[in-house]
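Source file: my_file-v6.cif (mmCIF, C-alpha atoms)
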```cif
data_run
loop_
_atom_site.label_atom_id
_atom_site.label_comp_id
_atom_site.auth_asym_id
_atom_site.auth_seq_id
_atom_site.Cartn_x
_atom_site.Cartn_y
_atom_site.Cartn_z
CA MET I 18 70.21 33.58 168.78
CA TYR I 19 70.95 36.97 170.18
CA ILE I 20 73.40 39.81 169.63
CA GLY I 21 76.16 40.13 172.23
CA ARG I 22 79.35 41.97 172.98
CA VAL I 23 82.53 40.23 174.13
CA VAL I 24 83.52 41.82 177.42
CA GLY I 25 86.16 39.52 178.84
CA THR I 26 87.54 36.04 179.35
CA VAL I 27 87.33 33.35 182.01
CA VAL I 28 90.26 31.21 183.10
CA ALA I 29 89.23 28.02 184.87
CA THR I 30 90.61 24.65 185.84
CA ILE I 31 88.48 22.18 183.91
CA LYS I 32 89.42 18.55 183.55
CA ASP I 33 86.98 17.71 180.78
CA GLU I 34 88.83 17.34 177.47
CA ALA I 35 86.00 18.93 175.54
CA PHE I 36 87.37 22.25 176.79
CA TYR I 37 91.07 21.68 175.97
CA GLY I 38 92.36 24.53 173.83
CA ARG I 39 89.07 26.41 173.88
CA LYS I 40 88.87 30.02 174.89
CA LEU I 41 85.93 30.88 177.15
CA LEU I 42 84.60 34.35 176.43
CA LEU I 43 82.29 36.46 178.58
CA VAL I 44 79.50 37.87 176.43
CA ASP I 45 76.99 40.54 177.46
CA ARG I 46 73.64 40.13 175.76
CA LEU I 47 72.56 43.33 173.98
CA ASP I 48 69.11 44.75 173.39
CA LEU I 49 68.18 46.15 169.98
CA GLU I 50 69.55 49.57 170.95
CA GLY I 51 72.94 47.95 171.56
CA ARG I 52 72.83 48.19 175.35
CA ALA I 53 73.74 45.32 177.68
CA ASP I 54 70.48 43.96 179.15
CA GLY I 55 71.98 42.48 182.31
CA HIS I 56 72.29 38.86 181.10
CA TYR I 57 75.65 37.28 180.30
CA ASP I 58 76.88 33.96 178.98
CA ILE I 59 80.16 32.13 178.98
CA ALA I 60 80.54 31.17 175.35
CA VAL I 61 82.92 29.07 173.27
CA ASP I 62 84.20 30.95 170.22
CA VAL I 63 84.32 29.59 166.67
CA ALA I 64 84.46 32.98 164.93
CA GLN I 65 87.84 34.35 166.07
CA ALA I 66 86.01 37.02 168.03
CA GLY I 67 87.87 39.23 170.48
CA VAL I 68 87.09 41.56 173.33
CA GLY I 69 84.92 44.48 172.13
CA ASP I 70 83.44 42.63 169.13
CA THR I 71 79.71 42.56 168.51
CA VAL I 72 78.81 38.93 167.92
CA LEU I 73 76.03 36.52 167.13
CA VAL I 74 75.48 33.96 169.91
CA ILE I 75 73.54 30.71 169.67
CA ASP I 76 72.33 29.66 173.09
CA GLU I 77 70.88 26.17 172.66
CA GLY I 78 72.83 23.01 173.49
CA ASN I 79 72.06 20.84 170.48
CA GLY I 80 72.63 23.68 168.03
CA ALA I 81 75.86 24.61 169.80
CA ARG I 82 77.21 21.08 169.55
CA GLN I 83 76.39 21.01 165.84
CA ILE I 84 78.32 24.23 165.25
CA LEU I 85 81.27 22.63 167.02
CA ARG I 86 80.89 19.53 164.82
CA ARG I 87 80.86 17.38 167.94
CA LYS I 88 78.23 15.00 169.16
CA VAL I 89 79.49 15.42 172.67
CA ALA I 90 80.30 18.84 174.04
CA PRO I 91 79.06 20.25 177.30
CA VAL I 92 78.30 23.73 176.03
CA ARG I 93 75.19 25.77 175.51
CA ALA I 94 76.46 29.08 174.13
CA VAL I 95 78.68 29.46 171.06
CA ILE I 96 79.78 32.62 169.23
CA VAL I 97 78.99 31.77 165.61
CA GLY I 98 79.76 35.03 163.86
CA VAL I 99 80.77 38.65 164.01
CA VAL I 100 77.94 41.12 163.37
CA ASP I 101 78.61 43.52 160.49
CA ASP I 102 75.36 45.45 160.51
CA VAL I 103 72.01 45.61 162.29
CA GLU I 104 69.27 47.28 160.26
CA LEU I 105 66.25 48.35 162.30
CA ALA I 106 63.08 49.54 160.57
CA GLU I 107 61.78 52.89 161.74
CA MET P 28 77.46 28.29 181.39
CA TYR P 29 77.62 30.74 184.19
CA ILE P 30 79.86 31.62 187.10
CA GLY P 31 78.61 30.55 190.52
CA ARG P 32 79.62 30.31 194.13
CA VAL P 33 79.12 27.18 196.22
CA VAL P 34 77.08 28.21 199.27
CA GLY P 35 75.95 24.94 200.82
CA THR P 36 74.83 21.36 200.46
CA VAL P 37 71.54 19.50 200.28
CA VAL P 38 70.85 16.18 201.99
CA ALA P 39 67.90 14.32 200.53
CA THR P 40 66.37 10.86 200.44
CA ILE P 41 66.51 9.90 196.78
CA LYS P 42 65.93 6.36 195.61
CA ASP P 43 67.26 6.83 192.10
CA GLU P 44 70.66 5.16 191.78
CA ALA P 45 71.94 7.90 189.51
CA PHE P 46 72.43 9.93 192.66
CA TYR P 47 74.20 7.30 194.80
CA GLY P 48 77.46 8.70 196.10
CA ARG P 49 76.93 12.11 194.52
CA LYS P 50 77.20 15.29 196.54
CA LEU P 51 74.50 17.87 195.80
CA LEU P 52 75.83 21.40 196.08
CA LEU P 53 73.86 24.63 196.35
CA VAL P 54 75.27 27.19 193.94
CA ASP P 55 74.40 30.88 193.77
CA ARG P 56 74.63 32.31 190.27
CA LEU P 57 76.91 35.36 190.14
CA ASP P 58 76.75 38.44 187.92
CA LEU P 59 79.91 39.82 186.32
CA GLU P 60 80.65 41.91 189.40
CA GLY P 61 80.70 38.72 191.47
CA ARG P 62 77.41 39.31 193.27
CA ALA P 63 74.69 36.67 193.66
CA ASP P 64 71.85 37.54 191.28
CA GLY P 65 69.08 35.76 193.19
CA HIS P 66 69.06 32.51 191.15
CA TYR P 67 70.37 29.24 192.57
CA ASP P 68 70.84 25.70 191.31
CA ILE P 69 71.35 22.34 192.92
CA ALA P 70 74.36 21.01 191.07
CA VAL P 71 76.28 17.77 190.88
CA ASP P 72 80.03 18.29 191.29
CA VAL P 73 82.76 16.79 189.09
CA ALA P 74 85.45 19.33 189.99
CA GLN P 75 86.05 18.63 193.71
CA ALA P 76 84.60 22.02 194.51
CA GLY P 77 83.81 23.00 198.07
CA VAL P 78 81.79 25.60 199.92
CA GLY P 79 83.08 29.09 199.11
CA ASP P 80 84.61 28.18 195.72
CA THR P 81 83.87 30.19 192.60
CA VAL P 82 82.91 27.67 189.94
CA LEU P 83 81.85 27.21 186.34
CA VAL P 84 78.38 25.69 186.04
CA ILE P 85 76.85 24.12 182.95
CA ASP P 86 73.07 24.26 183.13
CA GLU P 87 71.83 22.17 180.21
CA GLY P 88 70.69 18.56 180.57
CA ASN P 89 72.37 16.95 177.59
CA GLY P 90 75.66 18.71 178.21
CA ALA P 91 75.49 17.81 181.90
CA ARG P 92 74.98 14.12 181.13
CA GLN P 93 77.96 14.20 178.76
CA ILE P 94 80.20 15.68 181.45
CA LEU P 95 79.10 12.85 183.75
CA ARG P 96 79.89 10.33 180.96
CA ARG P 97 76.40 8.88 181.38
CA LYS P 98 73.67 8.55 178.84
CA VAL P 99 71.14 8.47 181.63
CA ALA P 100 71.34 10.96 184.47
CA PRO P 101 68.52 13.11 185.73
CA VAL P 102 70.54 16.26 186.18
CA ARG P 103 70.62 19.67 184.58
CA ALA P 104 73.36 21.52 186.43
CA VAL P 105 76.94 20.30 186.86
CA ILE P 106 79.98 22.08 188.31
CA VAL P 107 82.62 21.52 185.64
CA GLY P 108 85.50 23.57 186.95
CA VAL P 109 86.90 25.97 189.49
CA VAL P 110 87.34 29.54 188.23
CA ASP P 111 90.89 30.85 188.54
CA ASP P 112 90.43 34.29 187.01
CA VAL P 113 87.81 36.49 185.38
CA GLU P 114 89.24 39.22 183.16
CA LEU P 115 86.80 41.99 182.33
CA ALA P 116 87.65 44.61 179.69
CA GLU P 117 87.27 48.20 180.81
CA MET Q 9 55.29 29.55 169.87
CA TYR Q 10 54.66 33.23 170.19
CA ILE Q 11 53.46 36.12 168.05
CA GLY Q 12 56.16 38.52 166.85
CA ARG Q 13 56.74 41.45 164.57
CA VAL Q 14 59.65 41.62 162.14
CA VAL Q 15 61.56 44.81 162.93
CA GLY Q 16 64.81 44.49 161.03
CA THR Q 17 67.64 42.34 159.72
CA VAL Q 18 71.10 41.31 160.87
CA VAL Q 19 74.11 41.05 158.58
CA ALA Q 20 76.90 38.94 160.01
CA THR Q 21 80.01 37.09 158.93
CA ILE Q 22 79.27 33.45 159.69
CA LYS Q 23 81.39 30.63 158.37
CA ASP Q 24 78.95 27.85 159.15
CA GLU Q 25 77.32 26.60 155.95
CA ALA Q 26 74.00 26.04 157.70
CA PHE Q 27 73.53 29.79 157.37
CA TYR Q 28 74.44 30.19 153.68
CA GLY Q 29 71.66 31.95 151.82
CA ARG Q 30 69.53 32.39 154.92
CA LYS Q 31 68.15 35.76 155.91
CA LEU Q 32 68.37 36.54 159.63
CA LEU Q 33 65.42 38.59 160.80
CA LEU Q 34 65.06 40.54 164.03
CA VAL Q 35 61.72 39.76 165.64
CA ASP Q 36 60.14 41.59 168.58
CA ARG Q 37 57.97 39.32 170.72
CA LEU Q 38 54.46 40.75 171.15
CA ASP Q 39 52.04 40.45 174.04
CA LEU Q 40 48.36 39.69 173.42
CA GLU Q 41 47.62 43.41 172.98
CA GLY Q 42 50.12 43.52 170.11
CA ARG Q 43 52.82 45.45 172.01
CA ALA Q 44 56.51 44.49 172.01
CA ASP Q 45 57.28 42.98 175.43
CA GLY Q 46 61.01 43.76 175.43
CA HIS Q 47 62.26 40.34 174.26
CA TYR Q 48 63.68 39.80 170.76
CA ASP Q 49 64.98 36.89 168.76
CA ILE Q 50 67.11 36.49 165.69
CA ALA Q 51 65.07 34.13 163.58
CA VAL Q 52 65.50 32.24 160.34
CA ASP Q 53 62.56 32.78 157.97
CA VAL Q 54 60.70 30.03 156.09
CA ALA Q 55 57.51 32.04 155.48
CA GLN Q 56 58.71 34.82 153.16
CA ALA Q 57 58.06 37.32 155.93
CA GLY Q 58 59.26 40.89 155.64
CA VAL Q 59 59.83 43.88 157.88
CA GLY Q 60 56.55 44.96 159.49
CA ASP Q 61 54.84 41.55 159.25
CA THR Q 62 53.17 39.95 162.24
CA VAL Q 63 54.48 36.41 162.41
CA LEU Q 64 54.33 33.12 164.26
CA VAL Q 65 57.68 32.16 165.79
CA ILE Q 66 58.70 28.74 167.07
CA ASP Q 67 61.45 29.08 169.63
CA GLU Q 68 62.62 25.53 170.36
CA GLY Q 69 65.70 24.01 168.76
CA ASN Q 70 64.42 20.56 167.81
CA GLY Q 71 61.15 21.91 166.42
CA ALA Q 72 63.03 24.61 164.51
CA ARG Q 73 65.30 22.05 162.87
CA GLN Q 74 62.28 19.96 161.87
CA ILE Q 75 60.66 22.98 160.19
CA LEU Q 76 63.90 23.50 158.27
CA ARG Q 77 63.88 19.80 157.29
CA ARG Q 78 67.44 19.48 158.58
CA LYS Q 79 68.81 17.23 161.23
CA VAL Q 80 71.63 19.64 161.78
CA ALA Q 81 70.98 23.36 162.03
CA PRO Q 82 72.23 25.63 164.76
CA VAL Q 83 69.06 27.62 165.18
CA ARG Q 84 66.45 27.99 167.87
CA ALA Q 85 63.96 30.48 166.42
CA VAL Q 86 62.18 30.09 163.08
CA ILE Q 87 59.38 32.18 161.56
CA VAL Q 88 56.88 29.54 160.50
CA GLY Q 89 53.96 31.64 159.30
CA VAL Q 90 52.37 35.02 158.84
CA VAL Q 91 49.54 35.79 161.26
CA ASP Q 92 46.25 36.62 159.55
CA ASP Q 93 44.07 37.12 162.60
CA VAL Q 94 44.17 36.95 166.39
CA GLU Q 95 40.78 36.43 168.03
CA LEU Q 96 40.67 37.23 171.71
CA ALA Q 97 37.63 36.31 173.82
CA GLU Q 98 36.16 39.17 175.84
CA MET N 15 67.06 20.93 190.24
CA TYR N 16 65.47 23.11 192.81
CA ILE N 17 63.95 22.81 196.26
CA GLY N 18 60.16 22.96 196.42
CA ARG N 19 57.24 22.49 198.76
CA VAL N 20 54.18 20.43 197.88
CA VAL N 21 51.16 22.73 198.26
CA GLY N 22 48.31 20.83 196.62
CA THR N 23 47.06 18.54 193.89
CA VAL N 24 45.49 18.91 190.46
CA VAL N 25 42.65 16.76 189.18
CA ALA N 26 42.30 16.83 185.41
CA THR N 27 40.72 14.87 182.59
CA ILE N 28 43.67 13.66 180.53
CA LYS N 29 43.31 11.01 177.88
CA ASP N 30 47.01 10.30 177.46
CA GLU N 31 47.87 6.95 179.06
CA ALA N 32 51.23 8.22 180.26
CA PHE N 33 49.28 9.89 183.06
CA TYR N 34 47.13 6.93 184.13
CA GLY N 35 47.56 6.32 187.85
CA ARG N 36 49.89 9.25 188.33
CA LYS N 37 49.27 11.87 190.96
CA LEU N 38 49.88 15.45 189.83
CA LEU N 39 51.26 17.59 192.63
CA LEU N 40 51.45 21.37 192.81
CA VAL N 41 54.91 22.44 193.93
CA ASP N 42 55.99 25.93 194.96
CA ARG N 43 59.62 26.64 194.17
CA LEU N 44 61.53 27.82 197.25
CA ASP N 45 64.44 30.23 197.54
CA LEU N 46 67.39 29.40 199.80
CA GLU N 47 65.62 30.98 202.79
CA GLY N 48 62.76 28.50 202.31
CA ARG N 49 60.26 31.03 200.95
CA ALA N 50 58.11 30.46 197.87
CA ASP N 51 59.53 32.59 195.04
CA GLY N 52 56.33 32.89 193.01
CA HIS N 53 57.04 30.09 190.51
CA TYR N 54 55.15 26.79 190.61
CA ASP N 55 55.23 23.53 188.70
CA ILE N 56 52.85 20.64 188.25
CA ALA N 57 55.06 17.65 188.99
CA VAL N 58 54.78 13.90 188.82
CA ASP N 59 55.85 12.22 192.06
CA VAL N 60 58.21 9.24 192.37
CA ALA N 61 59.18 9.84 196.00
CA GLN N 62 55.89 9.27 197.84
CA ALA N 63 55.81 12.94 198.74
CA GLY N 64 52.74 14.51 200.26
CA VAL N 65 51.31 17.94 200.85
CA GLY N 66 53.64 19.98 203.08
CA ASP N 67 56.81 18.05 202.21
CA THR N 68 59.99 19.83 201.18
CA VAL N 69 61.15 18.10 198.02
CA LEU N 70 63.82 18.00 195.33
CA VAL N 71 62.40 18.72 191.86
CA ILE N 72 64.08 18.03 188.53
CA ASP N 73 62.69 20.31 185.87
CA GLU N 74 64.16 19.06 182.58
CA GLY N 75 62.26 16.81 180.20
CA ASN N 76 64.91 14.26 179.31
CA GLY N 77 66.06 13.85 182.89
CA ALA N 78 62.44 13.56 184.05
CA ARG N 79 61.73 10.77 181.61
CA GLN N 80 64.84 8.91 182.74
CA ILE N 81 63.71 9.09 186.37
CA LEU N 82 60.37 7.62 185.28
CA ARG N 83 62.23 4.86 183.38
CA ARG N 84 60.20 5.72 180.28
CA LYS N 85 61.39 6.76 176.88
CA VAL N 86 58.08 8.42 176.25
CA ALA N 87 56.46 10.59 178.89
CA PRO N 88 55.14 14.08 178.39
CA VAL N 89 56.48 15.54 181.62
CA ARG N 90 59.06 18.11 182.54
CA ALA N 91 58.96 18.22 186.33
CA VAL N 92 59.40 15.22 188.63
CA ILE N 93 59.74 15.06 192.42
CA VAL N 94 62.79 12.84 192.87
CA GLY N 95 63.30 13.00 196.62
CA VAL N 96 62.34 14.38 199.98
CA VAL N 97 64.80 16.92 201.41
CA ASP N 98 66.17 16.00 204.82
CA ASP N 99 68.48 18.94 205.38
CA VAL N 100 69.77 22.08 203.70
CA GLU N 101 73.11 23.32 205.02
CA LEU N 102 73.93 26.90 204.11
CA ALA N 103 77.39 28.33 204.76
CA GLU N 104 77.45 31.59 206.68
CA MET M 20 53.33 21.72 183.10
CA TYR M 21 51.25 24.65 184.15
CA ILE M 22 47.61 25.60 184.48
CA GLY M 23 46.25 27.92 181.79
CA ARG M 24 43.07 29.43 180.48
CA VAL M 25 42.13 29.42 176.80
CA VAL M 26 41.56 33.05 175.80
CA GLY M 27 41.41 32.99 172.01
CA THR M 28 42.62 31.59 168.72
CA VAL M 29 45.24 32.45 166.12
CA VAL M 30 44.68 32.20 162.37
CA ALA M 31 47.90 32.09 160.39
CA THR M 32 49.19 31.12 156.97
CA ILE M 33 51.57 28.26 157.65
CA LYS M 34 52.91 26.05 154.89
CA ASP M 35 54.26 23.31 157.13
CA GLU M 36 52.02 20.24 156.96
CA ALA M 37 52.52 19.48 160.62
CA PHE M 38 49.97 22.23 161.26
CA TYR M 39 47.30 21.14 158.75
CA GLY M 40 43.98 20.76 160.52
CA ARG M 41 45.32 21.86 163.87
CA LYS M 42 43.67 24.61 165.87
CA LEU M 43 46.09 27.07 167.48
CA LEU M 44 44.82 28.29 170.83
CA LEU M 45 46.00 31.27 172.83
CA VAL M 46 46.52 30.26 176.46
CA ASP M 47 47.14 32.59 179.39
CA ARG M 48 49.29 31.00 182.08
CA LEU M 49 47.61 31.16 185.51
CA ASP M 50 49.13 31.47 188.95
CA LEU M 51 47.86 29.32 191.81
CA GLU M 52 45.16 31.89 192.61
CA GLY M 53 43.81 31.47 189.09
CA ARG M 54 45.01 34.84 187.79
CA ALA M 55 46.82 35.33 184.47
CA ASP M 56 50.50 35.96 185.23
CA GLY M 57 51.32 37.87 182.04
CA HIS M 58 52.82 34.95 180.07
CA TYR M 59 50.99 33.36 177.14
CA ASP M 60 51.60 30.47 174.78
CA ILE M 61 50.24 29.43 171.42
CA ALA M 62 49.30 25.81 172.00
CA VAL M 63 48.09 22.89 169.93
CA ASP M 64 45.03 21.22 171.46
CA VAL M 65 44.56 17.48 171.96
CA ALA M 66 41.88 17.75 174.65
CA GLN M 67 38.96 19.34 172.78
CA ALA M 68 39.39 22.47 174.87
CA GLY M 69 37.55 25.65 174.01
CA VAL M 70 37.70 29.32 174.85
CA GLY M 71 37.19 29.86 178.59
CA ASP M 72 38.37 26.38 179.66
CA THR M 73 40.96 25.90 182.39
CA VAL M 74 43.54 23.54 180.98
CA LEU M 75 46.77 21.67 181.67
CA VAL M 76 49.59 22.74 179.34
CA ILE M 77 52.84 20.89 178.72
CA ASP M 78 55.49 23.30 177.52
CA GLU M 79 58.46 21.15 176.49
CA GLY M 80 59.17 20.19 172.90
CA ASN M 81 59.99 16.51 173.27
CA GLY M 82 57.07 15.85 175.61
CA ALA M 83 54.74 17.78 173.31
CA ARG M 84 55.74 15.69 170.32
CA GLN M 85 55.15 12.50 172.30
CA ILE M 86 51.63 13.63 173.22
CA LEU M 87 50.99 14.24 169.53
CA ARG M 88 52.36 10.76 168.74
CA ARG M 89 54.69 12.31 166.19
CA LYS M 90 58.42 12.17 166.00
CA VAL M 91 58.43 15.35 164.01
CA ALA M 92 56.28 18.28 165.04
CA PRO M 93 57.45 21.84 165.45
CA VAL M 94 55.56 22.58 168.62
CA ARG M 95 56.48 23.29 172.21
CA ALA M 96 53.14 23.79 173.96
CA VAL M 97 50.26 21.30 173.93
CA ILE M 98 46.99 21.35 175.88
CA VAL M 99 46.85 17.84 177.33
CA GLY M 100 43.76 18.01 179.52
CA VAL M 101 40.96 20.00 181.03
CA VAL M 102 41.38 20.81 184.73
CA ASP M 103 38.51 19.57 186.90
CA ASP M 104 39.79 20.67 190.28
CA VAL M 105 42.75 22.35 191.96
CA GLU M 106 43.13 21.55 195.65
CA LEU M 107 45.40 23.91 197.55
CA ALA M 108 46.47 23.12 201.11
CA GLU M 109 45.87 25.90 203.60
#
```

Written form, structure tokens:
Amino acid sequence: MYIGRVVGTVVATIKDEAFYGRKLLLVDRLDLEGRADGHYDIAVDVAQAGVGDTVLVIDEGNGARQILRRKVAPVRAVIVGVVDDVELAE
Amino acid sequence: MYIGRVVGTVVATIKDEAFYGRKLLLVDRLDLEGRADGHYDIAVDVAQAGVGDTVLVIDEGNGARQILRRKVAPVRAVIVGVVDDVELAE
Amino acid sequence: MYIGRVVGTVVATIKDEAFYGRKLLLVDRLDLEGRADGHYDIAVDVAQAGVGDTVLVIDEGNGARQILRRKVAPVRAVIVGVVDDVELAE
Amino acid sequence: MYIGRVVGTVVATIKDEAFYGRKLLLVDRLDLEGRADGHYDIAVDVAQAGVGDTVLVIDEGNGARQILRRKVAPVRAVIVGVVDDVELAE
Amino acid sequence: MYIGRVVGTVVATIKDEAFYGRKLLLVDRLDLEGRADGHYDIAVDVAQAGVGDTVLVIDEGNGARQILRRKVAPVRAVIVGVVDDVELAE
């Protein structure tokens, strides 16, 4: 899992029903100083996250499908939560 | 998933029947400014995409096989849709 | 698996019950000289590790779920042990 | 999948029977201009490829096992075909 | 799979029984000129390899578990053989 920031949305024509009614969010991956590190994902959202939110992203297919409670879902990245606090030791 | 652009096709002699009748497309991965980031994939297409299209690519084996509705398919990257719009927050 | 150092914690609002009661630790990946290499993970802890500890991290979903003794767990990184010694040949 | 070029072979003492009678080929990964990009794989061959051939490589464990028609095979990279032509759009 | 060189060992306190009696070896990944490329793995050994040996490493969870003949094993990297010869075409 990594910490990300929702920076936008993607609108696409997809025929697969696994995507019906799902919002696709663009998420920048953040480093531990909170800066975008140049990697992004297109993630499905199960945490009611919106643009600007700092979120927790799981980026592994089997884990993502389990979060979605589906055996079959062609996704790899899912937003599982909104980050409240990051505590870094000095 | 990531956003890509179809830049060409590959013709190969493959004996495995999982590939019979499938078009293999070369896809450049794009960053969020729409520029190729130097990574490419050879993807199977289920979205009737063509050269020049901006597409949504899933790059995980189990998810790819599910999109193809096959339990057995030696693929990792599948074009699942054509991108209509990318909305980036300022 | 890789060697990491626990550098902090993440507090997040996650509705998925797989995370109830689990501490999420921030782990810097170390190179063989013991320096952070710029990659981090958010890991679940099964080794009673704390901030500052040098730890062994497994970063593969299926292996992580097996360590947690769960068939279903949306995690990829788990702290499986505390490192006592690293012996490097000259 | 990616496009590669067979650059050599590896001879190793392996006790696991899954490797009996299998040739292990060294494959350089190529970029879309046909240049090695610095990454290599040790791949099992099912396409009668030889040194110097331009080949199609699948680099995902489950897909690789399916190509080999084995449920159990400790491989990740398999040469599935010989590339006849790469057509890049201008 | 890749070619590596055993450069040391890790001693760690791990409670999971899957690791009882298993030696954890530090392996530098080598490029095709035989130089360490900066990536390392902590690998389980099934080939009686020792420090200084050039080895063949499989770095995929499902394949690694199959080599270990275990359905459940939280590992991703396994040393499967000792390399006798690498033949590179000119």

Result set of the PyMOL selection byres ((chain I and resi 104) around 10) on the coordinates above, as a list of chain:residue names: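 Output from the PyMOL selection byres ((chain I and resi 104) around 10), applied to this file: I:Leu49, I:Asp102, I:Val103, I:Leu105, I:Ala106, I:Glu107, Q:Val15, Q:Gly16, Q:Thr17, Q:Val18, Q:Val19, Q:Leu33, Q:Leu34.
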
Residues returned when the PyMOL selection byres ((chain Q and resi 45-52) around 9) runs on this file, as a ChimeraX atom specification: /I:18-20,48-49 /Q:12,17-18,27,30-39,42-44,53-54,65,67,83-87

With C-alpha atoms retained, write the just-selected residues as a CSV table (one decimal), in the frame of the given file.
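Below is the file that was written, out08.csv:
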```csv
chain,number,residue,atom,x,y,z
I,18,MET,CA,70.2,33.6,168.8
I,19,TYR,CA,71.0,37.0,170.2
I,20,ILE,CA,73.4,39.8,169.6
I,48,ASP,CA,69.1,44.8,173.4
I,49,LEU,CA,68.2,46.2,170.0
Q,12,GLY,CA,56.2,38.5,166.8
Q,17,THR,CA,67.6,42.3,159.7
Q,18,VAL,CA,71.1,41.3,160.9
Q,27,PHE,CA,73.5,29.8,157.4
Q,30,ARG,CA,69.5,32.4,154.9
Q,31,LYS,CA,68.2,35.8,155.9
Q,32,LEU,CA,68.4,36.5,159.6
Q,33,LEU,CA,65.4,38.6,160.8
Q,34,LEU,CA,65.1,40.5,164.0
Q,35,VAL,CA,61.7,39.8,165.6
Q,36,ASP,CA,60.1,41.6,168.6
Q,37,ARG,CA,58.0,39.3,170.7
Q,38,LEU,CA,54.5,40.8,171.2
Q,39,ASP,CA,52.0,40.4,174.0
Q,42,GLY,CA,50.1,43.5,170.1
Q,43,ARG,CA,52.8,45.4,172.0
Q,44,ALA,CA,56.5,44.5,172.0
Q,53,ASP,CA,62.6,32.8,158.0
Q,54,VAL,CA,60.7,30.0,156.1
Q,65,VAL,CA,57.7,32.2,165.8
Q,67,ASP,CA,61.4,29.1,169.6
Q,83,VAL,CA,69.1,27.6,165.2
Q,84,ARG,CA,66.4,28.0,167.9
Q,85,ALA,CA,64.0,30.5,166.4
Q,86,VAL,CA,62.2,30.1,163.1
Q,87,ILE,CA,59.4,32.2,161.6
```

Would you mind aligning chain N to chain I, a least-squares fit over all C-alpha atoms taken in order, and returning the superposed chain as a short mmCIF file (atom, residue, chain, number, x, y, z; two decimals) with C-alpha atoms, keeping the file's coordinate frame?
```cif
data_model
loop_
_atom_site.label_atom_id
_atom_site.label_comp_id
_atom_site.auth_asym_id
_atom_site.auth_seq_id
_atom_site.Cartn_x
_atom_site.Cartn_y
_atom_site.Cartn_z
CA MET N 15 70.20 33.60 168.77
CA TYR N 16 70.94 36.97 170.17
CA ILE N 17 73.39 39.80 169.64
CA GLY N 18 76.15 40.12 172.22
CA ARG N 19 79.36 41.96 172.97
CA VAL N 20 82.53 40.22 174.11
CA VAL N 21 83.53 41.83 177.43
CA GLY N 22 86.20 39.52 178.83
CA THR N 23 87.56 36.03 179.34
CA VAL N 24 87.35 33.34 182.00
CA VAL N 25 90.28 31.21 183.10
CA ALA N 26 89.24 28.04 184.88
CA THR N 27 90.62 24.66 185.86
CA ILE N 28 88.47 22.18 183.94
CA LYS N 29 89.41 18.55 183.60
CA ASP N 30 86.96 17.72 180.83
CA GLU N 31 88.83 17.33 177.53
CA ALA N 32 86.01 18.92 175.57
CA PHE N 33 87.40 22.23 176.80
CA TYR N 34 91.08 21.67 175.99
CA GLY N 35 92.36 24.51 173.84
CA ARG N 36 89.08 26.38 173.89
CA LYS N 37 88.87 30.01 174.88
CA LEU N 38 85.94 30.88 177.14
CA LEU N 39 84.60 34.35 176.42
CA LEU N 40 82.30 36.46 178.56
CA VAL N 41 79.49 37.88 176.44
CA ASP N 42 76.99 40.54 177.47
CA ARG N 43 73.63 40.13 175.77
CA LEU N 44 72.56 43.32 173.98
CA ASP N 45 69.09 44.74 173.39
CA LEU N 46 68.16 46.15 169.98
CA GLU N 47 69.53 49.58 170.97
CA GLY N 48 72.94 47.96 171.55
CA ARG N 49 72.84 48.18 175.35
CA ALA N 50 73.73 45.32 177.68
CA ASP N 51 70.49 43.97 179.17
CA GLY N 52 71.99 42.48 182.33
CA HIS N 53 72.28 38.87 181.11
CA TYR N 54 75.65 37.29 180.30
CA ASP N 55 76.87 33.97 178.99
CA ILE N 56 80.17 32.15 178.99
CA ALA N 57 80.55 31.16 175.34
CA VAL N 58 82.91 29.08 173.28
CA ASP N 59 84.19 30.94 170.22
CA VAL N 60 84.30 29.59 166.65
CA ALA N 61 84.45 32.98 164.92
CA GLN N 62 87.82 34.35 166.05
CA ALA N 63 86.02 37.02 168.02
CA GLY N 64 87.87 39.22 170.46
CA VAL N 65 87.10 41.55 173.32
CA GLY N 66 84.93 44.45 172.12
CA ASP N 67 83.44 42.61 169.13
CA THR N 68 79.70 42.57 168.50
CA VAL N 69 78.81 38.94 167.90
CA LEU N 70 76.00 36.52 167.11
CA VAL N 71 75.47 33.97 169.90
CA ILE N 72 73.53 30.72 169.67
CA ASP N 73 72.32 29.67 173.08
CA GLU N 74 70.88 26.17 172.63
CA GLY N 75 72.81 23.02 173.47
CA ASN N 76 72.06 20.86 170.45
CA GLY N 77 72.65 23.67 167.99
CA ALA N 78 75.87 24.61 169.80
CA ARG N 79 77.22 21.10 169.52
CA GLN N 80 76.40 21.01 165.81
CA ILE N 81 78.34 24.24 165.24
CA LEU N 82 81.30 22.64 167.02
CA ARG N 83 80.92 19.53 164.81
CA ARG N 84 80.87 17.38 167.95
CA LYS N 85 78.25 14.99 169.15
CA VAL N 86 79.50 15.40 172.67
CA ALA N 87 80.30 18.83 174.05
CA PRO N 88 79.06 20.25 177.31
CA VAL N 89 78.29 23.73 176.02
CA ARG N 90 75.18 25.78 175.50
CA ALA N 91 76.45 29.08 174.12
CA VAL N 92 78.66 29.47 171.05
CA ILE N 93 79.77 32.62 169.21
CA VAL N 94 78.98 31.76 165.59
CA GLY N 95 79.76 35.03 163.85
CA VAL N 96 80.77 38.65 164.01
CA VAL N 97 77.95 41.12 163.35
CA ASP N 98 78.61 43.52 160.50
CA ASP N 99 75.37 45.46 160.54
CA VAL N 100 72.01 45.62 162.28
CA GLU N 101 69.26 47.29 160.27
CA LEU N 102 66.25 48.35 162.30
CA ALA N 103 63.08 49.55 160.59
CA GLU N 104 61.76 52.89 161.80
#
```
